[in-house]
Structures are given as structure tokens and as C-alpha cells.
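Q: Got query-v7.txt for you, compact mmCIF, C-alpha atoms:
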```
# COMPACT_ATOMS: atom_id res chain seq x y z
CA MET A 1 -33.50 -6.44 -34.91
CA SER A 2 -31.64 -9.61 -33.84
CA GLN A 3 -33.05 -11.59 -30.93
CA GLN A 4 -31.93 -10.98 -27.37
CA VAL A 5 -29.70 -13.79 -26.14
CA ASN A 6 -28.18 -13.85 -22.66
CA ALA A 7 -25.19 -15.84 -21.47
CA GLU A 8 -23.36 -16.55 -18.24
CA VAL A 9 -19.75 -17.66 -17.85
CA ILE A 10 -18.69 -19.98 -15.02
CA ALA A 11 -14.96 -20.24 -14.31
CA ILE A 12 -14.14 -23.47 -12.48
CA GLY A 13 -11.10 -24.00 -10.30
CA THR A 14 -10.21 -23.65 -6.63
CA GLU A 15 -6.98 -21.96 -7.65
CA ILE A 16 -9.03 -18.99 -8.90
CA LEU A 17 -10.75 -18.59 -5.52
CA LEU A 18 -7.42 -18.86 -3.70
CA GLY A 19 -6.01 -16.03 -5.78
CA GLU A 20 -3.29 -18.26 -7.21
CA ILE A 21 -4.24 -17.48 -10.82
CA THR A 22 -6.11 -14.66 -12.52
CA ASP A 23 -9.20 -15.64 -14.47
CA THR A 24 -8.38 -14.22 -17.90
CA ASN A 25 -10.51 -16.86 -19.65
CA SER A 26 -13.81 -15.26 -18.62
CA VAL A 27 -12.63 -11.87 -19.86
CA TYR A 28 -11.74 -13.35 -23.25
CA ILE A 29 -15.07 -15.18 -23.54
CA ALA A 30 -16.92 -11.98 -22.60
CA GLN A 31 -15.16 -10.08 -25.38
CA MET A 32 -16.00 -12.77 -27.93
CA LEU A 33 -19.66 -12.87 -26.88
CA ARG A 34 -19.89 -9.10 -27.10
CA GLY A 35 -18.65 -9.29 -30.67
CA ILE A 36 -21.65 -11.37 -31.74
CA GLY A 37 -24.26 -9.46 -29.79
CA ILE A 38 -24.80 -11.83 -26.87
CA ASN A 39 -25.54 -10.15 -23.54
CA LEU A 40 -23.41 -11.19 -20.58
CA TYR A 41 -24.90 -10.18 -17.23
CA PHE A 42 -23.13 -12.54 -14.83
CA MET A 43 -19.69 -14.12 -14.38
CA THR A 44 -19.30 -16.74 -11.69
CA SER A 45 -16.24 -18.42 -10.15
CA VAL A 46 -16.60 -21.72 -8.32
CA GLY A 47 -14.11 -24.15 -6.80
CA ASP A 48 -13.52 -27.81 -7.58
CA ASN A 49 -16.62 -29.15 -5.86
CA GLU A 50 -19.12 -31.18 -7.88
CA ARG A 51 -22.25 -30.09 -6.04
CA ARG A 52 -21.32 -26.40 -5.96
CA ILE A 53 -20.49 -26.46 -9.67
CA ALA A 54 -23.84 -28.11 -10.38
CA ASP A 55 -25.64 -25.50 -8.26
CA ALA A 56 -23.88 -22.70 -10.14
CA ILE A 57 -24.94 -24.23 -13.48
CA ARG A 58 -28.57 -24.57 -12.34
CA ILE A 59 -28.65 -20.95 -11.17
CA ALA A 60 -27.10 -19.80 -14.44
CA MET A 61 -29.63 -21.76 -16.50
CA GLY A 62 -32.38 -20.02 -14.58
CA ARG A 63 -31.30 -16.60 -15.84
CA ALA A 64 -29.38 -17.18 -19.08
CA ASP A 65 -29.95 -18.88 -22.42
CA ILE A 66 -26.32 -20.01 -22.71
CA VAL A 67 -24.07 -21.20 -19.89
CA ILE A 68 -20.38 -21.51 -20.70
CA THR A 69 -18.19 -23.34 -18.22
CA CYS A 70 -14.43 -23.11 -18.41
CA GLY A 71 -12.09 -25.58 -16.72
CA GLY A 72 -12.42 -28.91 -14.92
CA LEU A 73 -12.30 -31.18 -17.99
CA GLY A 74 -8.94 -32.82 -17.33
CA PRO A 75 -8.27 -36.46 -16.38
CA THR A 76 -7.65 -36.03 -12.65
CA ILE A 77 -10.01 -36.68 -9.77
CA ASP A 78 -10.56 -32.96 -9.12
CA ASP A 79 -11.76 -32.36 -12.70
CA MET A 80 -15.46 -32.44 -11.94
CA THR A 81 -17.17 -30.44 -14.67
CA ARG A 82 -18.48 -33.46 -16.58
CA HIS A 83 -20.10 -34.87 -13.44
CA ALA A 84 -21.47 -31.48 -12.41
CA VAL A 85 -23.08 -30.81 -15.79
CA ALA A 86 -24.67 -34.27 -15.71
CA LEU A 87 -25.97 -33.60 -12.19
CA ALA A 88 -27.31 -30.16 -13.10
CA THR A 89 -29.14 -31.47 -16.17
CA ASP A 90 -30.41 -34.73 -14.61
CA ARG A 91 -28.38 -37.03 -16.86
CA GLU A 92 -26.09 -40.00 -16.53
CA LEU A 93 -22.48 -39.99 -17.67
CA VAL A 94 -22.04 -42.23 -20.71
CA PHE A 95 -18.76 -43.76 -21.88
CA GLN A 96 -17.89 -43.07 -25.52
CA GLN A 97 -15.30 -45.43 -26.98
CA THR A 98 -14.94 -43.26 -30.10
CA LEU A 99 -13.96 -40.34 -27.89
CA LEU A 100 -11.37 -42.42 -26.02
CA ASP A 101 -9.90 -43.55 -29.36
CA GLN A 102 -9.56 -39.91 -30.41
CA ILE A 103 -7.83 -39.03 -27.14
CA ALA A 104 -5.44 -41.97 -27.54
CA LYS A 105 -4.63 -40.89 -31.09
CA ARG A 106 -3.74 -37.40 -29.89
CA PHE A 107 -1.37 -38.85 -27.30
CA GLU A 108 0.26 -40.88 -30.06
CA THR A 109 0.68 -37.68 -32.07
CA PHE A 110 2.34 -36.05 -29.06
CA ARG A 111 4.46 -39.21 -28.60
CA VAL A 112 3.33 -39.38 -24.98
CA HIS A 113 1.94 -42.44 -23.19
CA MET A 114 -1.75 -42.10 -22.28
CA SER A 115 -2.34 -42.97 -18.65
CA GLU A 116 -5.41 -44.88 -17.49
CA ASN A 117 -6.99 -41.86 -15.83
CA ASN A 118 -7.48 -40.25 -19.26
CA ARG A 119 -10.31 -42.74 -19.65
CA ARG A 120 -12.36 -40.39 -17.44
CA GLN A 121 -12.38 -37.85 -20.25
CA ALA A 122 -14.34 -40.24 -22.47
CA TYR A 123 -17.37 -39.99 -20.18
CA LEU A 124 -19.82 -37.25 -21.15
CA PRO A 125 -23.36 -36.39 -20.07
CA ASP A 126 -25.90 -38.48 -21.97
CA GLY A 127 -26.86 -36.80 -25.24
CA ALA A 128 -23.96 -34.34 -25.16
CA ILE A 129 -22.70 -32.98 -28.48
CA VAL A 130 -18.93 -33.39 -28.72
CA ILE A 131 -16.79 -30.37 -29.63
CA GLU A 132 -13.66 -31.68 -31.33
CA ASN A 133 -10.47 -30.42 -29.68
CA PRO A 134 -7.60 -30.75 -32.18
CA VAL A 135 -5.22 -28.68 -30.04
CA GLY A 136 -5.51 -30.61 -26.78
CA THR A 137 -6.72 -33.75 -25.04
CA ALA A 138 -9.68 -32.37 -23.06
CA PRO A 139 -12.92 -33.15 -24.94
CA SER A 140 -15.42 -30.32 -24.84
CA PHE A 141 -19.14 -30.63 -25.27
CA ILE A 142 -22.56 -29.00 -25.51
CA VAL A 143 -25.62 -30.13 -23.57
CA GLU A 144 -29.09 -28.94 -24.58
CA HIS A 145 -31.43 -28.85 -21.59
CA GLY A 146 -34.85 -27.23 -21.25
CA GLY A 147 -34.22 -24.88 -24.16
CA LYS A 148 -30.88 -23.80 -22.72
CA LEU A 149 -27.30 -24.59 -23.80
CA VAL A 150 -24.50 -25.63 -21.48
CA ILE A 151 -21.15 -25.38 -23.25
CA SER A 152 -18.15 -26.83 -21.40
CA LEU A 153 -14.66 -25.76 -22.44
CA PRO A 154 -11.17 -26.59 -21.18
CA GLY A 155 -9.39 -24.17 -18.85
CA VAL A 156 -6.09 -24.15 -20.76
CA PRO A 157 -6.22 -20.71 -22.42
CA ARG A 158 -4.72 -21.84 -25.74
CA GLU A 159 -7.26 -24.66 -26.12
CA MET A 160 -10.17 -22.56 -24.88
CA LYS A 161 -9.47 -19.71 -27.28
CA TYR A 162 -9.14 -22.05 -30.26
CA LEU A 163 -12.45 -23.75 -29.49
CA VAL A 164 -14.28 -20.48 -28.86
CA GLU A 165 -13.12 -18.99 -32.15
CA ASN A 166 -13.44 -22.09 -34.32
CA ALA A 167 -16.37 -23.98 -32.79
CA VAL A 168 -18.39 -22.08 -30.20
CA ILE A 169 -18.85 -18.74 -31.96
CA PRO A 170 -19.77 -20.36 -35.32
CA GLU A 171 -22.26 -22.64 -33.51
CA LEU A 172 -23.89 -19.73 -31.68
CA ARG A 173 -24.13 -17.74 -34.89
CA ARG A 174 -25.83 -20.73 -36.53
CA ARG A 175 -28.33 -21.26 -33.72
CA TYR A 176 -29.33 -17.65 -33.06
CA GLY A 177 -30.07 -14.65 -35.23
CA LEU A 178 -27.27 -12.57 -33.76
CA GLY A 179 -26.18 -9.01 -34.31
CA VAL A 180 -23.18 -7.30 -32.78
CA ILE A 181 -22.33 -5.41 -29.62
CA LYS A 182 -19.68 -2.75 -30.08
CA ALA A 183 -18.14 -0.38 -27.59
CA ARG A 184 -16.05 2.76 -27.80
CA VAL A 185 -14.24 4.08 -24.76
CA LEU A 186 -13.62 7.82 -24.46
CA LYS A 187 -10.70 8.59 -22.14
CA THR A 188 -11.02 11.62 -19.87
CA ALA A 189 -8.61 13.26 -17.45
CA GLY A 190 -8.64 16.25 -15.15
CA ILE A 191 -12.19 15.68 -13.91
CA GLY A 192 -13.56 13.43 -11.19
CA GLU A 193 -16.21 10.76 -11.72
CA SER A 194 -19.01 12.60 -9.91
CA MET A 195 -18.39 15.85 -11.80
CA LEU A 196 -18.21 13.96 -15.08
CA ASP A 197 -21.44 12.16 -14.27
CA GLU A 198 -23.18 15.48 -13.63
CA ALA A 199 -21.75 17.12 -16.74
CA ILE A 200 -22.85 14.30 -19.07
CA GLY A 201 -26.32 14.27 -17.56
CA ARG A 202 -28.99 11.71 -16.82
CA GLU A 203 -30.50 11.76 -20.30
CA LEU A 204 -27.40 10.19 -21.82
CA LEU A 205 -26.44 8.06 -18.83
CA GLU A 206 -29.89 6.45 -18.63
CA MET A 207 -30.13 5.50 -22.32
CA SER A 208 -30.81 1.81 -23.02
CA ASN A 209 -29.22 1.44 -26.47
CA PRO A 210 -26.61 2.74 -26.86
CA THR A 211 -25.68 2.74 -23.19
CA VAL A 212 -23.29 5.23 -21.61
CA GLY A 213 -21.33 4.20 -18.53
CA LEU A 214 -18.44 5.53 -16.46
CA ALA A 215 -15.45 3.60 -15.12
CA ALA A 216 -13.15 5.46 -12.75
CA HIS A 217 -9.44 4.73 -12.62
CA SER A 218 -6.66 6.40 -10.69
CA GLY A 219 -6.72 9.99 -11.91
CA GLN A 220 -8.81 9.41 -15.02
CA VAL A 221 -12.31 8.26 -15.95
CA ASP A 222 -13.45 6.23 -18.97
CA VAL A 223 -16.76 6.91 -20.70
CA ARG A 224 -17.92 3.72 -22.41
CA VAL A 225 -20.51 3.98 -25.18
CA THR A 226 -21.93 0.55 -26.07
CA ALA A 227 -24.39 -0.19 -28.88
CA LYS A 228 -26.19 -3.36 -29.91
CA ALA A 229 -27.26 -3.58 -33.55
CA ASP A 230 -27.75 -5.94 -36.47
CA SER A 231 -24.47 -4.92 -38.11
CA GLU A 232 -21.18 -3.27 -37.25
CA GLN A 233 -22.03 -0.34 -39.51
CA GLU A 234 -25.29 0.30 -37.67
CA ALA A 235 -23.58 0.01 -34.27
CA ASP A 236 -20.82 2.40 -35.36
CA ALA A 237 -23.41 4.95 -36.48
CA MET A 238 -25.29 4.68 -33.18
CA ILE A 239 -22.07 5.12 -31.20
CA ALA A 240 -20.95 8.09 -33.30
CA LEU A 241 -24.21 9.92 -32.63
CA VAL A 242 -23.92 9.51 -28.87
CA GLU A 243 -20.19 10.22 -28.86
CA ALA A 244 -20.84 13.57 -30.52
CA GLN A 245 -23.28 14.44 -27.72
CA VAL A 246 -20.79 13.39 -25.03
CA ARG A 247 -18.01 15.42 -26.64
CA ALA A 248 -20.29 18.46 -26.83
CA LYS A 249 -20.70 18.27 -23.06
CA VAL A 250 -17.26 17.20 -21.80
CA GLY A 251 -14.98 17.34 -24.84
CA THR A 252 -12.39 19.51 -23.11
CA TYR A 253 -11.62 16.61 -20.78
CA ILE A 254 -11.38 13.89 -23.46
CA PHE A 255 -7.78 13.13 -24.40
CA GLY A 256 -8.34 10.04 -26.54
CA ALA A 257 -10.30 6.85 -27.12
CA ASN A 258 -9.95 3.09 -26.68
CA THR A 259 -6.24 2.31 -26.25
CA ASP A 260 -4.97 5.92 -26.26
CA THR A 261 -2.89 6.89 -23.22
CA LEU A 262 -2.65 10.09 -21.24
CA GLU A 263 1.13 10.20 -21.58
CA ALA A 264 0.86 10.03 -25.37
CA ALA A 265 -1.71 12.85 -25.32
CA LEU A 266 0.63 14.97 -23.19
CA ALA A 267 3.58 14.24 -25.50
CA GLU A 268 1.48 15.32 -28.49
CA ALA A 269 0.45 18.53 -26.71
CA LEU A 270 4.09 19.32 -25.92
CA SER A 271 5.04 18.77 -29.56
CA ARG A 272 2.18 20.95 -30.77
CA ARG A 273 3.30 23.81 -28.53
CA GLY A 274 7.00 23.27 -29.19
CA MET A 275 7.73 22.83 -25.48
CA THR A 276 9.80 20.44 -23.41
CA LEU A 277 9.14 18.76 -20.09
CA ALA A 278 11.08 18.75 -16.83
CA ILE A 279 10.12 16.30 -14.10
CA LEU A 280 11.06 15.97 -10.45
CA GLU A 281 9.91 13.02 -8.35
CA ALA A 282 10.78 12.69 -4.67
CA GLY A 283 9.91 10.11 -2.06
CA LEU A 284 8.07 7.67 -4.31
CA PRO A 285 8.75 5.29 -7.22
CA PRO A 286 9.07 7.08 -10.57
CA SER A 287 5.78 7.22 -12.43
CA VAL A 288 5.54 10.36 -14.55
CA SER A 289 9.11 10.10 -15.82
CA LYS A 290 8.84 6.42 -16.76
CA ARG A 291 5.53 6.86 -18.52
CA MET A 292 6.66 9.95 -20.42
CA GLU A 293 10.04 8.53 -21.43
CA ARG A 294 8.23 5.67 -23.21
CA VAL A 295 6.31 7.98 -25.55
CA THR A 296 8.34 11.16 -26.03
CA GLN A 297 10.82 12.04 -28.77
CA PRO A 298 14.54 12.52 -27.97
CA GLY A 299 15.01 15.83 -26.18
CA GLN A 300 11.32 16.29 -25.43
CA VAL A 301 11.94 15.42 -21.77
CA ALA A 302 14.59 17.99 -21.00
CA ARG A 303 15.26 17.09 -17.38
CA VAL A 304 14.43 14.30 -14.95
CA GLU A 305 15.35 14.45 -11.27
CA ARG A 306 14.63 11.62 -8.85
CA VAL A 307 15.49 11.99 -5.17
CA GLU A 308 14.76 9.95 -2.07
CA SER A 309 12.74 12.51 -0.13
CA PRO A 310 11.23 15.99 -0.31
CA ALA A 311 13.93 17.13 2.10
CA ALA A 312 16.49 16.78 -0.71
CA VAL A 313 14.51 18.89 -3.17
CA ALA A 314 15.49 22.30 -1.83
CA GLY A 315 19.21 21.58 -2.02
CA LEU A 316 18.96 20.01 -5.47
CA LEU A 317 17.09 22.93 -7.03
CA GLY A 318 18.55 25.75 -4.96
CA ILE A 319 15.21 26.81 -3.50
CA ASP A 320 14.12 27.59 0.05
CA PRO A 321 13.24 24.53 2.14
CA LEU A 322 9.55 24.48 3.05
CA GLU A 323 7.63 22.31 5.49
CA ASN A 324 4.43 22.62 3.46
CA LEU A 325 4.68 19.86 0.85
CA ARG A 326 2.31 21.48 -1.63
CA GLU A 327 4.15 24.82 -1.53
CA LEU A 328 7.45 22.99 -1.96
CA ALA A 329 6.06 21.20 -5.01
CA GLU A 330 4.93 24.54 -6.46
CA ASP A 331 8.38 26.10 -5.94
CA ALA A 332 10.01 23.05 -7.53
CA ALA A 333 7.69 23.09 -10.56
CA GLN A 334 8.26 26.81 -11.05
CA THR A 335 12.02 26.35 -10.91
CA LEU A 336 11.89 23.51 -13.44
CA ALA A 337 9.81 25.68 -15.82
CA ARG A 338 11.92 28.84 -15.41
CA ASP A 339 12.74 29.32 -19.12
CA GLY A 340 9.08 29.56 -20.18
CA GLN A 341 9.46 26.90 -22.88
CA THR A 342 9.52 24.06 -20.38
CA VAL A 343 6.61 22.50 -18.51
CA GLY A 344 7.59 21.75 -14.94
CA ILE A 345 6.05 18.83 -13.07
CA ALA A 346 6.99 18.07 -9.46
CA VAL A 347 5.57 15.07 -7.60
CA LEU A 348 6.57 14.76 -3.94
CA ALA A 349 5.69 12.32 -1.17
CA VAL A 350 6.70 11.60 2.39
CA ALA A 351 8.65 8.44 1.65
CA ASP A 352 7.99 6.53 4.89
CA ARG A 353 4.25 7.14 5.06
CA ALA A 354 1.53 4.91 3.64
CA GLU A 355 -2.08 5.97 4.22
CA ASP A 356 -3.53 9.21 5.51
CA ARG A 357 -2.37 10.31 8.95
CA ALA A 358 -4.38 12.55 11.23
CA ASP A 359 -1.35 14.53 12.37
CA SER A 360 -0.54 15.91 8.92
CA ASP A 361 -2.42 17.60 6.11
CA THR A 362 -0.43 16.01 3.31
CA GLY A 363 1.49 12.87 2.56
CA SER A 364 2.00 13.67 -1.12
CA ALA A 365 1.57 16.62 -3.45
CA PHE A 366 2.17 17.61 -7.04
CA ALA A 367 2.44 20.85 -8.93
CA VAL A 368 2.46 21.75 -12.62
CA CYS A 369 3.82 25.02 -14.02
CA VAL A 370 3.13 26.09 -17.62
CA ASN A 371 4.11 29.57 -18.83
CA GLY A 372 4.00 30.94 -15.31
CA GLN A 373 0.61 29.39 -14.54
CA MET A 374 0.53 27.06 -11.56
CA ARG A 375 -1.80 24.26 -10.54
CA SER A 376 -1.27 21.92 -7.61
CA ARG A 377 -2.98 19.40 -5.39
CA SER A 378 -2.16 17.47 -2.22
CA TYR A 379 -3.22 14.10 -0.78
CA GLY A 380 -3.07 12.37 2.58
CA PHE A 381 -1.37 9.17 1.40
CA GLY A 382 2.42 9.01 1.35
CA GLY A 383 5.12 7.40 -0.74
CA MET A 384 4.54 3.91 0.66
CA SER A 385 1.01 3.90 -0.74
CA GLU A 386 0.40 2.83 -4.32
CA ASP A 387 -2.15 5.64 -4.51
CA ALA A 388 0.61 8.23 -4.30
CA VAL A 389 2.09 6.93 -7.54
CA ARG A 390 -1.18 6.33 -9.35
CA TRP A 391 -3.14 9.39 -8.31
CA SER A 392 -0.43 12.01 -8.05
CA GLY A 393 1.34 11.00 -11.25
CA THR A 394 -1.78 10.68 -13.37
CA TRP A 395 -3.37 13.87 -12.07
CA ALA A 396 -0.12 15.77 -12.66
CA MET A 397 -0.03 14.66 -16.30
CA ALA A 398 -3.75 15.41 -16.67
CA MET A 399 -3.29 18.95 -15.42
CA ALA A 400 -0.27 19.51 -17.66
CA TRP A 401 -2.22 18.26 -20.67
CA GLN A 402 -5.16 20.53 -19.87
CA MET A 403 -2.98 23.57 -19.27
CA LEU A 404 -1.31 23.09 -22.66
CA GLY A 405 -4.75 23.27 -24.27
```
Can the structure from this file be put into C-alpha cells for me?
A:
Amino acid sequence: MSQQVNAEVIAIGTEILLGEITDTNSVYIAQMLRGIGINLYFMTSVGDNERRIADAIRIAMGRADIVITCGGLGPTIDDMTRHAVALATDRELVFQQTLLDQIAKRFETFRVHMSENNRRQAYLPDGAIVIENPVGTAPSFIVEHGGKLVISLPGVPREMKYLVENAVIPELRRRYGLGVIKARVLKTAGIGESMLDEAIGRELLEMSNPTVGLAAHSGQVDVRVTAKADSEQEADAMIALVEAQVRAKVGTYIFGANTDTLEAALAEALSRRGMTLAILEAGLPPSVSKRMERVTQPGQVARVERVESPAAVAGLLGIDPLENLRELAEDAAQTLARDGQTVGIAVLAVADRAEDRADSDTGSAFAVCVNGQMRSRSYGFGGMSEDAVRWSGTWAMAMAWQMLG
């Protein structure tokens, strides 16, 4: 079995902490590390402060074999990663003329004048191993300290990805006897996280390799099976064994895997049964109709009605007006599915309400009618809440998919 190697990723930049940008770099690095069997237990974000960056690096070195920093290698005064790594590893910064010459040559290639502050980029912690950066001007480097590696990469995603793929991953493979970590995500719908947890059982959920974990989303839950092995073939075999056990317990709720979508599963179920779909959405942004229209064949969505409020539903469909939102949704779904070959989905919300209100039982509701069978559910949040769109729409599609069998 390959050796256990742990890593930590540190994303550097005050703009991350201010919420001005999303840290996609750490996610990418995590995926690449997983592919070569390196465990990642911590991700850290830290602002542009030399001492705090150094503290974060020291903490990371105390619990990981590899520390990968991302960002802060530019030429400006707030690019502090070089100084912080030197501080954390008790080294001086050393000027490297060869490195400055390389930076200058790249600027000549770009036909851009190199300013004096780019000279800062030619200072690296003493003893650092340079990582050539042919796609940018920010030199990257590796520092070996106390049996640990600190790898510093630029924050520009294009440069970072190139260096990870072409320099970092090959170097880590060379240094460590690495295997692979693979994951397969089983997509479930129509069951809550707690019920799914109970149905799968502790024996599977407490396994150490492969591991089985749950991740709840709005209206659906992912079951992630992750295996660490010496080869992809071995990992695939380990995952397949556990997947079979999971499917034996909760297979009726699994609609797909990895990148499969609930709407595509519902479209396939409609096609299999030779049925069409009719959708009514009132008082909230369209969710079911937009998602289904992206994946269905022409004619598979037979009818789409979008109105501003539940009050308009009765007049549109020619049904009795009802104050109870859930009952109104049921009447609407039944009317949409009147011919027996159409699945009716009605999603309604009180348009001017956001979160749950104590003076009303429901702010949103949905109903699904398939061959005369009815299922429905109501929620406290109204049309101004994002939950009304996410939960009601996804649960409506999940119920329709389940009812089609």
C-alpha cells in the first residue's frame, strides 16, 4: 500500500476574505491532490499580512507533510508570500540574478517594459528550489524544512493550473510512493438526509476505506464513496463493492451518479413511460420549467404556465379558488394531468413573502399528479426566499421521478 501523505492548502489574499472573489484555486488543487492519493484535511484562507501568513504556514507544517500556498507572489508591496515563507522556515530572502534575468526575458517576449518592482520577485527564501513558470512572470518555488515541503504557487488560475499539472504533481509523484484517491457520487432524491443516513446504516457510514459520506443539497442528497488504493483499478473495485451495498439499501432513491441531474432522470422516466409533462409555477421564479426544458425532447413538456401569484391559478385553470395553498396546488396538478398521459406538477408560493411567518401555515407548496395518484408538500418560506425555488422545485421533480417508477 502506498504511504500516507497529508497536505494543506493555504489561499492567500485579502480579497478572498472580503468576499470579492471566490477561491476556486483551492478546489482545483484539492482535486489534483486527490487524484494522486494525497490526503487533504485542511484548507486555510489568510489575508495579505506577512505575520499571519507565516503563522498559517507554521500551523500547517505542524499537521501536514506538504503545504501548498497559492497567491501573493506578484511584484507589489502587498505580495508577501516570499517573506512569509522565509519567516516561517527561519530563512533569509536571497536575491537570484538568474531569476531576474528570466523574468526580464519573459517581459521581452510579452513586449512589455519590466518595472523596477519586479525585482522583488527575484528574492526567494534561502535554499528554495525554483519552479520554472513559462506561462507567467511570478516565480514559484519549493522550500524543504524539517522534513516538510512548502510549495508556493501564483494565484493567477491559468498559471497555477499549468504549474500544478506540469511541475507540482510530477514532483510529488517522484518524491512519494503515491497511489490514487477516487470518488463516486451517487445522487439521491425523494429522501431526507437523516432518513438516508439511517437507511444506509452505521456499518457503511463508519468505514475507513472506502469511506461513505453524505452531502445534503436543496431537495436531494449525495452519497459519496471514496477509496484510496495503489491503482485506479483497485480503487474502482473497492468503490464498486461498496456501491452495490449502498444500492441494495437505498437504490430506489438513487437517480444517477457523478454529474447526472435529477431533471435528466425525470425526462428519461417520462420517455420510458411514454408520458408528457405539464408544469404550473406561480409566485416564484421558474425553476422546474427551466430545468426540464433544457433536457427534454420536443413535445415532452406539453404545457408550461407561469403566473404572478397563486390567486391567478384558479382563473387560469378553471378550478375553484382555495385559500389553502397545498390544496390549491393539488387541484392544479390534477387539472394539468387530466388526460392520464400527462404528469402534472404545480409549484405555488406567496410571492411577497420571504421566510416562515407565524401567522400562516404555508408560504409555498407543490403537488405532483401521476395517473390519478397525488403527492404534495408545503413549506413556510414564500416566493421571495431562494428556498422556495430550490426546495419546492427539486422536491417536486423528485416526487414525479419516484412516482413514475
Q: What does the structure give for the distance between CA of Glu15 (chain A) and CA of Val46 (chain A), in Å to one decimal?
A: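 Between CA of Glu15 (chain A) and CA of Val46 (chain A) the gap is 9.6 Å.
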Q: Give the answer as one residue: which of A:Gln300, A:Gly74, A:Gly318, A:Phe381 has the shortest atom-to-atom distance to Ala269 (chain A), using all atoms listed in the file?
A: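 Among A:Gln300, A:Gly74, A:Gly318, A:Phe381, it is A:Gln300 that comes nearest to Ala269 (chain A).
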Q: In Å, how far is it from CA of Gly155 (chain A) to CA of Glu20 (chain A)?
A: 14.4 Å
Q: In Å, how far is it from CA of Leu322 (chain A) to CA of Asp387 (chain A)?
A: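 Taking CA of Leu322 (chain A) and CA of Asp387 (chain A), their separation equals 23.4 Å.
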Q: List the spatial neighbours of Val347 (chain A) as a ChimeraX atom specification - criterion: any atom at most 7 Å away, only C-alpha atoms, same-chain residues fewer than 6 positions off excluded.
A: /A:280-282,329,365-367,392-393
Q: Counting all atoms listed in the file, which residues sit no farther than 12 Å from the position (-13.3, -42.5, -16.2) in the file's frame? I'd like them as an MDAnalysis selection string.
A: chainID A and resid 73:77 79:80 82:83 93:97 99:100 115:124
Q: Kindly provide, as AutoDock Vina command-line options, the centre and edge lengths (Å, one decimal) of an axis-aligned box around all atoms of region 241-246 of chain A given in the file, with 6 Å on each side.
A:
```
--center_x -22.2 --center_y 12.0 --center_z -28.8 --size_x 16.0 --size_y 16.9 --size_z 19.6
```
Q: Taking into account all atoms listed in the file, which residue in the set A:Ile29, A:Met61, A:Val9, A:Leu266 is nearest to Ala396 (chain A)?
A: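 Counting all atoms listed in the file, the residue closest to Ala396 (chain A) is A:Leu266.
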Q: Ranking A:Leu317, A:Ala346, A:Ala128, A:Leu284 by minimum distance to Glu386 (chain A) and counting all atoms listed in the file, which one comes first?
A: A:Leu284
Q: Which one of A:Arg91, A:Arg52, A:Arg326, A:Lys148 sits closest to Arg175 (chain A) if you count all atoms listed in the file?
A: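 Ranked by minimum distance to Arg175 (chain A), first place goes to A:Lys148.
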Q: For a quick check of your reading of the model, name the residues lying within 8 Å of the coordinate (2.8, 28.6, -19.5), counting all atoms listed in the file, and write them as a count of residues only.
A: 10
Q: Using only C-alpha atoms, which residue out of A:Glu203, A:Glu92, A:Asp222, A:Asp23 lies closest to Leu186 (chain A)?
A: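 Nearest candidate to Leu186 (chain A) out of A:Glu203, A:Glu92, A:Asp222, A:Asp23: A:Asp222.
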Q: Can you pull out the residues contacting Tyr379 (chain A)? Cut-off 7 Å, using all atoms listed in the file, and skip same-chain residues under 6 positions away; I want them as a list in words.
A: Thr362, Gly363, Ser364 and Ala365 of chain A
